[in-house]
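Chemist: So that you have it, the file is coords_11.cif, and it contains mmCIF, C-alpha atoms and all ligand atoms:
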data_protein
#
loop_
_atom_site.label_atom_id
_atom_site.label_comp_id
_atom_site.auth_asym_id
_atom_site.auth_seq_id
_atom_site.Cartn_x
_atom_site.Cartn_y
_atom_site.Cartn_z
CA MET A 5 0.00 0.00 0.00
CA LYS A 6 1.38 3.39 -0.99
CA HIS A 7 1.68 6.18 1.56
CA GLU A 8 -0.91 8.96 1.43
CA GLU A 9 1.75 11.47 0.35
CA GLU A 10 2.65 9.31 -2.64
CA LEU A 11 -1.02 9.19 -3.57
CA ASN A 12 -1.16 12.96 -3.14
CA ARG A 13 -4.02 12.66 -0.68
CA GLU A 14 -4.92 14.61 2.41
CA PRO A 15 -3.80 12.86 5.63
CA LEU A 16 -6.36 10.68 7.39
CA GLU A 17 -7.67 12.08 10.68
CA GLN A 18 -6.28 10.25 13.71
CA GLU A 19 -8.91 8.26 15.54
CA PRO A 20 -10.37 10.52 18.28
CA SER A 21 -10.59 9.07 21.79
CA ALA A 22 -14.39 9.43 21.57
CA ALA A 23 -14.48 6.65 18.95
CA ALA A 24 -13.79 3.87 21.44
CA ALA A 25 -16.24 5.40 23.92
CA LEU A 26 -19.02 5.45 21.30
CA ALA A 27 -18.32 2.08 19.68
CA GLY A 28 -17.50 0.09 22.84
CA ASP A 29 -16.52 -3.49 22.05
CA ARG A 30 -17.38 -2.88 18.36
CA ILE A 31 -14.47 -0.48 17.90
CA ASP A 32 -12.32 -2.99 15.97
CA VAL A 33 -15.11 -3.48 13.41
CA LEU A 34 -15.58 0.28 13.10
CA ARG A 35 -11.80 0.66 12.58
CA ALA A 36 -11.88 -1.97 9.83
CA PHE A 37 -14.66 -0.04 8.05
CA ALA A 38 -12.83 3.28 8.54
CA LYS A 39 -9.67 1.83 7.00
CA ASP A 40 -11.44 0.55 3.89
CA LEU A 41 -13.45 3.75 3.47
CA ALA A 42 -10.27 5.83 3.79
CA GLU A 43 -8.42 3.67 1.26
CA ARG A 44 -11.15 3.22 -1.34
CA GLY A 45 -13.90 5.74 -0.60
CA GLU A 46 -12.71 8.53 -2.84
CA GLU A 47 -11.92 6.30 -5.80
CA LEU A 48 -15.40 4.76 -5.54
CA GLY A 49 -17.02 8.20 -5.32
CA LEU A 50 -18.30 7.59 -1.77
CA ILE A 51 -16.53 10.50 -0.07
CA GLY A 52 -15.06 13.72 -1.39
CA PRO A 53 -11.29 14.29 -1.77
CA LEU A 54 -11.20 16.62 1.25
CA GLU A 55 -12.93 14.29 3.69
CA LEU A 56 -9.96 12.22 4.95
CA PRO A 57 -8.81 14.80 7.53
CA ARG A 58 -12.28 14.71 9.08
CA LEU A 59 -13.39 11.17 8.31
CA TRP A 60 -13.83 10.17 11.95
CA THR A 61 -15.37 13.36 13.31
CA ARG A 62 -17.55 14.47 10.41
CA HIS A 63 -18.64 11.08 9.12
CA LEU A 64 -18.14 8.04 11.38
CA LEU A 65 -18.72 9.59 14.80
CA ASN A 66 -21.33 12.02 13.48
CA SER A 67 -23.25 8.84 12.52
CA ALA A 68 -22.40 6.87 15.67
CA VAL A 69 -23.88 9.50 18.01
CA LEU A 70 -27.33 8.26 16.91
CA ALA A 71 -26.63 4.80 18.39
CA PRO A 72 -27.97 5.48 21.91
CA LEU A 73 -31.29 6.65 20.39
CA LEU A 74 -32.02 3.26 18.82
CA THR A 75 -34.36 0.77 20.48
CA SER A 76 -32.78 -2.52 21.50
CA GLY A 77 -34.33 -5.41 19.55
CA GLY A 78 -35.97 -2.93 17.15
CA THR A 79 -35.88 -2.43 13.40
CA VAL A 80 -34.40 0.56 11.55
CA ALA A 81 -34.48 1.63 7.88
CA ASP A 82 -31.68 3.98 6.83
CA ILE A 83 -32.61 5.93 3.69
CA GLY A 84 -29.93 6.82 1.14
CA THR A 85 -27.05 5.12 2.98
CA GLY A 86 -24.51 5.95 0.26
CA GLY A 87 -21.03 5.04 1.49
CA GLY A 88 -22.42 3.88 4.86
CA MET A 89 -23.52 6.92 6.85
CA PRO A 90 -25.27 6.59 9.11
CA GLY A 91 -26.80 3.12 8.49
CA LEU A 92 -23.73 0.95 8.16
CA VAL A 93 -21.92 2.65 11.05
CA LEU A 94 -25.00 2.05 13.21
CA GLY A 95 -25.20 -1.56 12.00
CA ILE A 96 -21.64 -1.97 13.29
CA VAL A 97 -22.09 -0.39 16.71
CA ARG A 98 -25.61 -1.73 17.44
CA PRO A 99 -25.61 -5.49 16.72
CA ASP A 100 -28.79 -5.77 18.83
CA VAL A 101 -30.82 -3.78 16.25
CA SER A 102 -31.87 -4.93 12.73
CA PHE A 103 -31.07 -2.58 9.85
CA LYS A 104 -32.33 -2.21 6.29
CA LEU A 105 -30.06 0.05 4.23
CA ILE A 106 -32.09 1.55 1.36
CA GLU A 107 -29.94 2.85 -1.49
CA PRO A 108 -30.84 3.17 -5.22
CA MET A 109 -27.33 3.38 -6.73
CA GLU A 110 -25.93 0.04 -7.79
CA ARG A 111 -22.26 0.81 -7.18
CA ARG A 112 -23.03 2.00 -3.67
CA CYS A 113 -25.07 -1.16 -2.99
CA VAL A 114 -22.14 -3.31 -4.18
CA TRP A 115 -19.86 -1.48 -1.73
CA LEU A 116 -22.39 -1.79 1.13
CA ASN A 117 -22.98 -5.49 0.49
CA GLU A 118 -19.24 -6.09 0.40
CA GLN A 119 -18.85 -4.39 3.78
CA VAL A 120 -21.79 -6.26 5.32
CA GLU A 121 -20.18 -9.54 4.30
CA ARG A 122 -16.59 -8.60 5.17
CA LEU A 123 -17.54 -7.22 8.60
CA GLU A 124 -19.98 -10.10 9.23
CA LEU A 125 -22.94 -7.82 9.98
CA THR A 126 -25.68 -10.42 10.32
CA ASN A 127 -28.08 -7.68 11.53
CA THR A 128 -27.82 -5.59 8.33
CA THR A 129 -29.49 -6.01 4.91
CA VAL A 130 -28.91 -3.82 1.85
CA MET A 131 -32.02 -3.15 -0.27
CA ARG A 132 -31.49 -1.55 -3.65
CA GLY A 133 -34.12 1.00 -4.60
CA ARG A 134 -35.66 4.33 -3.72
CA ALA A 135 -37.42 4.64 -0.38
CA GLU A 136 -40.80 5.19 -2.08
CA GLU A 137 -40.51 1.84 -3.90
CA PHE A 138 -40.72 0.09 -0.51
CA HIS A 139 -43.87 1.82 0.71
CA GLY A 140 -46.35 -0.85 1.73
CA THR A 141 -43.74 -3.65 1.71
CA PHE A 142 -42.45 -3.34 5.30
CA GLU A 143 -42.72 -1.20 8.44
CA VAL A 144 -39.95 -0.42 10.90
CA ASP A 145 -39.69 1.12 14.37
CA GLN A 146 -37.28 3.90 13.40
CA VAL A 147 -35.98 5.56 10.21
CA THR A 148 -32.67 7.37 9.88
CA ALA A 149 -31.17 9.53 7.10
CA ARG A 150 -28.34 11.95 6.48
CA ALA A 151 -27.85 14.33 3.55
CA VAL A 152 -30.62 12.83 1.39
CA THR A 153 -33.09 15.70 0.88
CA ALA A 154 -34.87 18.55 2.68
CA LEU A 155 -37.36 17.64 5.38
CA ARG A 156 -40.44 18.54 3.32
CA LYS A 157 -39.42 15.82 0.82
CA LEU A 158 -37.88 13.42 3.32
CA VAL A 159 -41.02 13.14 5.44
CA PRO A 160 -43.24 11.80 2.59
CA LEU A 161 -40.45 9.36 1.62
CA THR A 162 -40.02 7.94 5.10
CA ALA A 163 -43.31 8.26 7.03
CA PRO A 164 -44.97 5.35 5.12
CA LEU A 165 -42.09 3.06 6.18
CA LEU A 166 -42.79 3.60 9.89
CA ARG A 167 -45.19 1.67 12.08
CA ASP A 168 -47.76 3.70 13.98
CA GLY A 169 -45.79 5.43 16.75
CA GLY A 170 -42.48 4.92 14.93
CA GLU A 171 -39.71 7.50 15.07
CA MET A 172 -37.80 9.66 12.57
CA LEU A 173 -34.13 10.42 13.35
CA PHE A 174 -32.55 12.66 10.74
CA LEU A 175 -29.06 14.14 10.90
CA LYS A 176 -29.46 17.76 9.85
CA GLY A 177 -27.42 20.93 9.39
CA ALA A 178 -27.71 24.40 10.86
CA ALA A 179 -30.77 25.22 8.70
CA VAL A 180 -32.96 22.59 10.36
CA GLY A 181 -35.25 25.28 11.83
CA GLN A 182 -36.02 26.65 8.36
CA GLU A 183 -36.52 23.11 7.04
CA ILE A 184 -39.08 22.46 9.78
CA GLU A 185 -40.91 25.69 8.89
CA ALA A 186 -41.00 24.75 5.20
CA ALA A 187 -42.28 21.27 6.05
CA GLN A 188 -45.28 22.26 8.20
CA LYS A 189 -47.84 21.06 5.64
CA VAL A 190 -46.31 17.61 5.11
CA LEU A 191 -45.68 17.16 8.84
CA LYS A 192 -49.41 17.63 9.40
CA LYS A 193 -50.41 15.46 6.44
CA HIS A 194 -48.26 12.55 7.65
CA ARG A 195 -49.37 12.97 11.28
CA VAL A 196 -45.87 13.77 12.48
CA LYS A 197 -45.80 14.93 16.10
CA ASP A 198 -43.48 15.50 19.07
CA VAL A 199 -41.04 17.32 16.78
CA ARG A 200 -37.75 18.28 18.46
CA VAL A 201 -34.17 18.96 17.53
CA ASP A 202 -31.45 17.49 19.75
CA GLU A 203 -27.80 18.50 19.72
CA LEU A 204 -25.74 15.39 20.27
CA GLY A 205 -22.06 14.71 20.85
CA ALA A 206 -21.16 18.24 21.99
CA GLU A 207 -19.14 16.85 24.88
CA ILE A 208 -17.11 14.42 22.76
CA LEU A 209 -16.94 15.89 19.24
CA SER A 210 -15.52 19.23 18.14
CA GLU A 211 -18.76 19.85 16.25
CA SER A 212 -22.05 18.73 17.75
CA THR A 213 -24.63 16.93 15.59
CA ARG A 214 -28.20 18.14 15.09
CA VAL A 215 -30.85 15.46 15.05
CA PHE A 216 -34.42 16.04 13.93
CA ARG A 217 -36.60 13.72 16.02
CA ALA A 218 -40.34 13.10 15.66
CA ARG A 219 -43.00 10.40 15.89
CA VAL A 220 -45.69 9.45 13.40
CA GLY A 221 -49.25 8.32 13.90
CA THR A 222 -51.91 8.40 16.48
CA HIS A 223 -50.29 6.55 19.39
CA GLY A 224 -47.21 7.26 21.50
C1 LIG B 1 -25.56 12.94 -0.61
S1 LIG B 1 -25.75 11.20 -0.54
C2 LIG B 1 -25.59 10.93 1.22
C3 LIG B 1 -25.12 9.54 1.53
C4 LIG B 1 -24.99 9.22 3.03
N1 LIG B 1 -26.29 9.21 3.68
C5 LIG B 1 -24.05 10.19 3.71
O1 LIG B 1 -24.51 10.99 4.50
O2 LIG B 1 -22.83 10.13 3.44
C6 LIG B 1 -27.49 10.93 -0.82
C7 LIG B 1 -27.83 9.48 -1.05
O3 LIG B 1 -29.25 9.34 -1.06
C8 LIG B 1 -29.60 8.44 -2.08
N2 LIG B 1 -31.00 8.73 -2.46
C9 LIG B 1 -31.46 9.78 -3.19
N3 LIG B 1 -32.81 9.72 -3.32
C10 LIG B 1 -33.21 8.61 -2.63
C11 LIG B 1 -34.48 8.00 -2.41
N4 LIG B 1 -35.60 8.51 -2.90
N5 LIG B 1 -34.52 6.88 -1.65
C12 LIG B 1 -33.37 6.34 -1.12
N6 LIG B 1 -32.16 6.88 -1.33
C13 LIG B 1 -32.07 8.00 -2.07
C14 LIG B 1 -28.56 8.70 -3.18
O4 LIG B 1 -28.42 7.60 -4.06
C15 LIG B 1 -27.30 8.93 -2.35
O5 LIG B 1 -26.55 7.76 -2.13
#
Have the structure of the file written as structure tokens, please.

Modeler:
Amino acid sequence: MKHEEELNREPLEQEPSAAAALAGDRIDVLRAFAKDLAERGEELGLIGPLELPRLWTRHLLNSAVLAPLLTSGGTVADIGTGGGMPGLVLGIVRPDVSFKLIEPMERRCVWLNEQVERLELTNTTVMRGRAEEFHGTFEVDQVTARAVTALRKLVPLTAPLLRDGGEMLFLKGAAVGQEIEAAQKVLKKHRVKDVRVDELGAEILSESTRVFRARVGTHG
């Protein structure tokens, strides 16, 4: 393997101490994924050329902070998993939860399937297609997504995949307040309630992560 300098790449971020705290006894599996993503992610078009110096903080740990919000023994659909964030990272650190990774792009599904097999993630299934193609085919307890689309489009894509009382957990940027405003109509239409935005990871990451949280349906 050539050194990063020889490949003219940005240096990979050193693993922050928070990684082991977040991943617990799954840290070795997370490290194995991080290594492969760092080595092949750019070439496969999964991460941008400038992401290596912030791979852990901005991508892996930004995803892993959702882990404590997942229900043990529950089911989760991650929409638009791409290179693995957040769904595959969560599949690694929460072996007690079942994951469906929904991704339409074939090359990304090949990568995800390869990782699922290599890392022996028996709790994680990759499903090729757009979220809306799976409406009416299954229901899960929680849905997750990062960087897929604005809330007013994301809600109609994901609400039909949730059981009554199921929960949305979306990683969002600083404009989440405006996105919520713009989504008022669809939030009402899809019976989305208990909307809140949590800031997670402030104590362990240099940048905290904003999570849009809400429930759908008539019951708690
Ligand atoms: C900008 S990428 C983000 C990937 C990953 N979630 C991340 O944060 O690194 C958006 C992803 O959403 C997928 N996508 C777009 N529309 C979708 C849809 N309707 N259903 C499921 N996935 C979708 C794309 O194929 C792409 O992989």

Chemist: To one decimal in Å, tell me the separation between atom CA of Arg111 of chain A and atom CA of Ala38 of chain A.

Modeler: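 The value is 18.5 Å.
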
Chemist: Determine the nearest neighbour of ligand LIG 1 (chain B) from the options A:Ser67, A:Ser102, A:Thr213, A:Thr222, counting only C-alpha atoms and all ligand atoms.

Modeler: A:Ser67

Chemist: What residues have any atom no more than 8 Å from ligand LIG 1 (chain B) when counting all atoms listed in the file, and can you list them as a list in words?

Modeler: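 After applying the 8 Å limit, what remains is Leu50, Ile51, His63, Ile83, Gly84, Thr85, Gly86, Gly87, Gly88, Met89, Pro90, Gly91, Ile106, Glu107, Pro108, Met109, Arg112, Gly133, Arg134, Ala135, Glu136, Ala149, Arg150, Ala151, Val152, Thr153 and Leu161 of chain A.
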
Chemist: Export, as an mmCIF file, keeping the file's coordinate frame, the selected residues with C-alpha atoms.

Modeler:
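Generated file (out-v7.cif):
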data_model
loop_
_atom_site.group_PDB
_atom_site.id
_atom_site.type_symbol
_atom_site.label_atom_id
_atom_site.label_comp_id
_atom_site.auth_asym_id
_atom_site.auth_seq_id
_atom_site.Cartn_x
_atom_site.Cartn_y
_atom_site.Cartn_z
ATOM 1 C CA LEU A 50 -18.300 7.590 -1.770
ATOM 2 C CA ILE A 51 -16.530 10.500 -0.070
ATOM 3 C CA HIS A 63 -18.640 11.080 9.120
ATOM 4 C CA ILE A 83 -32.610 5.930 3.690
ATOM 5 C CA GLY A 84 -29.930 6.820 1.140
ATOM 6 C CA THR A 85 -27.050 5.120 2.980
ATOM 7 C CA GLY A 86 -24.510 5.950 0.260
ATOM 8 C CA GLY A 87 -21.030 5.040 1.490
ATOM 9 C CA GLY A 88 -22.420 3.880 4.860
ATOM 10 C CA MET A 89 -23.520 6.920 6.850
ATOM 11 C CA PRO A 90 -25.270 6.590 9.110
ATOM 12 C CA GLY A 91 -26.800 3.120 8.490
ATOM 13 C CA ILE A 106 -32.090 1.550 1.360
ATOM 14 C CA GLU A 107 -29.940 2.850 -1.490
ATOM 15 C CA PRO A 108 -30.840 3.170 -5.220
ATOM 16 C CA MET A 109 -27.330 3.380 -6.730
ATOM 17 C CA ARG A 112 -23.030 2.000 -3.670
ATOM 18 C CA GLY A 133 -34.120 1.000 -4.600
ATOM 19 C CA ARG A 134 -35.660 4.330 -3.720
ATOM 20 C CA ALA A 135 -37.420 4.640 -0.380
ATOM 21 C CA GLU A 136 -40.800 5.190 -2.080
ATOM 22 C CA ALA A 149 -31.170 9.530 7.100
ATOM 23 C CA ARG A 150 -28.340 11.950 6.480
ATOM 24 C CA ALA A 151 -27.850 14.330 3.550
ATOM 25 C CA VAL A 152 -30.620 12.830 1.390
ATOM 26 C CA THR A 153 -33.090 15.700 0.880
ATOM 27 C CA LEU A 161 -40.450 9.360 1.620
#

Chemist: Give the answer as one residue: which of A:Ala206, A:Leu116, A:Ala22, A:Val159 has the shortest atom-to-atom distance to Lys189 of chain A, using all atoms listed in the file?

Modeler: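 Among A:Ala206, A:Leu116, A:Ala22, A:Val159, it is A:Val159 that comes nearest to Lys189 of chain A.
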
Chemist: For each of A:Leu70, A:Leu48, A:Ile96, A:Val80, take the minimum atom-to-atom distance to Arg167 of chain A, counting only C-alpha atoms, then give the residue where this is smallest.

Modeler: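 Of A:Leu70, A:Leu48, A:Ile96, A:Val80, the one nearest Arg167 of chain A is A:Val80, counting only C-alpha atoms.
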
Chemist: Choose the residue, out of A:Glu171, A:Asp32, A:Glu207, A:Asp198, that has the smallest atom-to-atom separation from Gly78 of chain A; count all atoms listed in the file.

Modeler: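 Result for the nearest residue to Gly78 of chain A: A:Glu171.
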
Chemist: Grab the atom CA of Leu65 of chain A to atom CA of Arg219 of chain A distance for me, in Å with one decimal place.

Modeler: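 Between atom CA of Leu65 of chain A and atom CA of Arg219 of chain A the gap works out to 24.3 Å.
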
Chemist: Return the single residue from A:Ile208, A:Val97, A:Leu64, A:Leu191 that is closest to Pro160 of chain A, with distances computed using all atoms listed in the file.

Modeler: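 Nearest to Pro160 of chain A: A:Leu191.
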
Chemist: Nearest to Arg132 of chain A among A:Gly49, A:Leu105, A:Glu118, A:Asp145, with distances taken over only C-alpha atoms: which residue is it?

Modeler: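 With only C-alpha atoms as the atom set, the closest residue is A:Leu105.
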
Chemist: In Å, how far is it from atom CA of Arg30 of chain A to atom CA of Ala218 of chain A?

Modeler: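 Separation between atom CA of Arg30 of chain A and atom CA of Ala218 of chain A: 28.1 Å.
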
Chemist: Would you mind completing segment 52-77 of chain A so that it carries N, CA and C atoms, and writing it out as a PDB file, keeping the file's coordinate frame?

Modeler:
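Written out: rebuild_15.pdb:
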ATOM      1  N   GLY A  52     -15.786  12.715  -0.619  1.00  0.00           N
ATOM      2  CA  GLY A  52     -15.060  13.720  -1.390  1.00  0.00           C
ATOM      3  C   GLY A  52     -13.567  13.690  -1.079  1.00  0.00           C
ATOM      4  N   PRO A  53     -12.751  14.311  -1.934  1.00  0.00           N
ATOM      5  CA  PRO A  53     -11.290  14.290  -1.770  1.00  0.00           C
ATOM      6  C   PRO A  53     -10.806  15.002  -0.503  1.00  0.00           C
ATOM      7  N   LEU A  54     -11.644  15.854   0.078  1.00  0.00           N
ATOM      8  CA  LEU A  54     -11.200  16.620   1.250  1.00  0.00           C
ATOM      9  C   LEU A  54     -11.690  16.010   2.571  1.00  0.00           C
ATOM     10  N   GLU A  55     -12.283  14.837   2.478  1.00  0.00           N
ATOM     11  CA  GLU A  55     -12.930  14.290   3.690  1.00  0.00           C
ATOM     12  C   GLU A  55     -11.998  13.499   4.610  1.00  0.00           C
ATOM     13  N   LEU A  56     -10.827  13.057   4.107  1.00  0.00           N
ATOM     14  CA  LEU A  56      -9.960  12.220   4.950  1.00  0.00           C
ATOM     15  C   LEU A  56      -9.551  12.892   6.264  1.00  0.00           C
ATOM     16  N   PRO A  57      -9.216  14.184   6.252  1.00  0.00           N
ATOM     17  CA  PRO A  57      -8.810  14.800   7.530  1.00  0.00           C
ATOM     18  C   PRO A  57      -9.945  14.929   8.542  1.00  0.00           C
ATOM     19  N   ARG A  58     -11.160  14.631   8.118  1.00  0.00           N
ATOM     20  CA  ARG A  58     -12.280  14.710   9.080  1.00  0.00           C
ATOM     21  C   ARG A  58     -13.181  13.472   8.993  1.00  0.00           C
ATOM     22  N   LEU A  59     -12.586  12.388   8.525  1.00  0.00           N
ATOM     23  CA  LEU A  59     -13.390  11.170   8.310  1.00  0.00           C
ATOM     24  C   LEU A  59     -14.042  10.665   9.603  1.00  0.00           C
ATOM     25  N   TRP A  60     -13.275  10.666  10.693  1.00  0.00           N
ATOM     26  CA  TRP A  60     -13.830  10.170  11.950  1.00  0.00           C
ATOM     27  C   TRP A  60     -14.875  11.137  12.508  1.00  0.00           C
ATOM     28  N   THR A  61     -14.476  12.408  12.640  1.00  0.00           N
ATOM     29  CA  THR A  61     -15.370  13.360  13.310  1.00  0.00           C
ATOM     30  C   THR A  61     -16.615  13.646  12.502  1.00  0.00           C
ATOM     31  N   ARG A  62     -16.440  13.992  11.235  1.00  0.00           N
ATOM     32  CA  ARG A  62     -17.550  14.470  10.410  1.00  0.00           C
ATOM     33  C   ARG A  62     -18.441  13.335   9.888  1.00  0.00           C
ATOM     34  N   HIS A  63     -17.867  12.150   9.747  1.00  0.00           N
ATOM     35  CA  HIS A  63     -18.640  11.080   9.120  1.00  0.00           C
ATOM     36  C   HIS A  63     -18.938   9.908  10.072  1.00  0.00           C
ATOM     37  N   LEU A  64     -17.901   9.259  10.597  1.00  0.00           N
ATOM     38  CA  LEU A  64     -18.140   8.040  11.380  1.00  0.00           C
ATOM     39  C   LEU A  64     -18.772   8.348  12.743  1.00  0.00           C
ATOM     40  N   LEU A  65     -18.193   9.310  13.460  1.00  0.00           N
ATOM     41  CA  LEU A  65     -18.720   9.590  14.800  1.00  0.00           C
ATOM     42  C   LEU A  65     -19.995  10.411  14.733  1.00  0.00           C
ATOM     43  N   ASN A  66     -20.090  11.263  13.722  1.00  0.00           N
ATOM     44  CA  ASN A  66     -21.330  12.020  13.480  1.00  0.00           C
ATOM     45  C   ASN A  66     -22.495  11.038  13.289  1.00  0.00           C
ATOM     46  N   SER A  67     -22.229   9.886  12.687  1.00  0.00           N
ATOM     47  CA  SER A  67     -23.250   8.840  12.520  1.00  0.00           C
ATOM     48  C   SER A  67     -23.450   8.073  13.827  1.00  0.00           C
ATOM     49  N   ALA A  68     -22.341   7.731  14.483  1.00  0.00           N
ATOM     50  CA  ALA A  68     -22.400   6.870  15.670  1.00  0.00           C
ATOM     51  C   ALA A  68     -23.131   7.519  16.844  1.00  0.00           C
ATOM     52  N   VAL A  69     -23.195   8.866  16.878  1.00  0.00           N
ATOM     53  CA  VAL A  69     -23.880   9.500  18.010  1.00  0.00           C
ATOM     54  C   VAL A  69     -25.381   9.176  18.039  1.00  0.00           C
ATOM     55  N   LEU A  70     -25.908   8.664  16.914  1.00  0.00           N
ATOM     56  CA  LEU A  70     -27.330   8.260  16.910  1.00  0.00           C
ATOM     57  C   LEU A  70     -27.555   6.937  17.660  1.00  0.00           C
ATOM     58  N   ALA A  71     -26.491   6.168  17.847  1.00  0.00           N
ATOM     59  CA  ALA A  71     -26.630   4.800  18.390  1.00  0.00           C
ATOM     60  C   ALA A  71     -27.442   4.724  19.685  1.00  0.00           C
ATOM     61  N   PRO A  72     -27.202   5.614  20.656  1.00  0.00           N
ATOM     62  CA  PRO A  72     -27.970   5.480  21.910  1.00  0.00           C
ATOM     63  C   PRO A  72     -29.459   5.765  21.745  1.00  0.00           C
ATOM     64  N   LEU A  73     -29.867   6.342  20.594  1.00  0.00           N
ATOM     65  CA  LEU A  73     -31.290   6.650  20.390  1.00  0.00           C
ATOM     66  C   LEU A  73     -32.062   5.477  19.795  1.00  0.00           C
ATOM     67  N   LEU A  74     -31.358   4.400  19.466  1.00  0.00           N
ATOM     68  CA  LEU A  74     -32.020   3.260  18.820  1.00  0.00           C
ATOM     69  C   LEU A  74     -32.545   2.282  19.873  1.00  0.00           C
ATOM     70  N   THR A  75     -33.687   1.667  19.532  1.00  0.00           N
ATOM     71  CA  THR A  75     -34.360   0.770  20.480  1.00  0.00           C
ATOM     72  C   THR A  75     -33.780  -0.637  20.374  1.00  0.00           C
ATOM     73  N   SER A  76     -33.344  -1.167  21.496  1.00  0.00           N
ATOM     74  CA  SER A  76     -32.780  -2.520  21.500  1.00  0.00           C
ATOM     75  C   SER A  76     -33.815  -3.529  21.006  1.00  0.00           C
ATOM     76  N   GLY A  77     -33.423  -4.403  20.104  1.00  0.00           N
ATOM     77  CA  GLY A  77     -34.330  -5.410  19.550  1.00  0.00           C
ATOM     78  C   GLY A  77     -35.230  -4.859  18.461  1.00  0.00           C
TER      79      GLY A  77
END
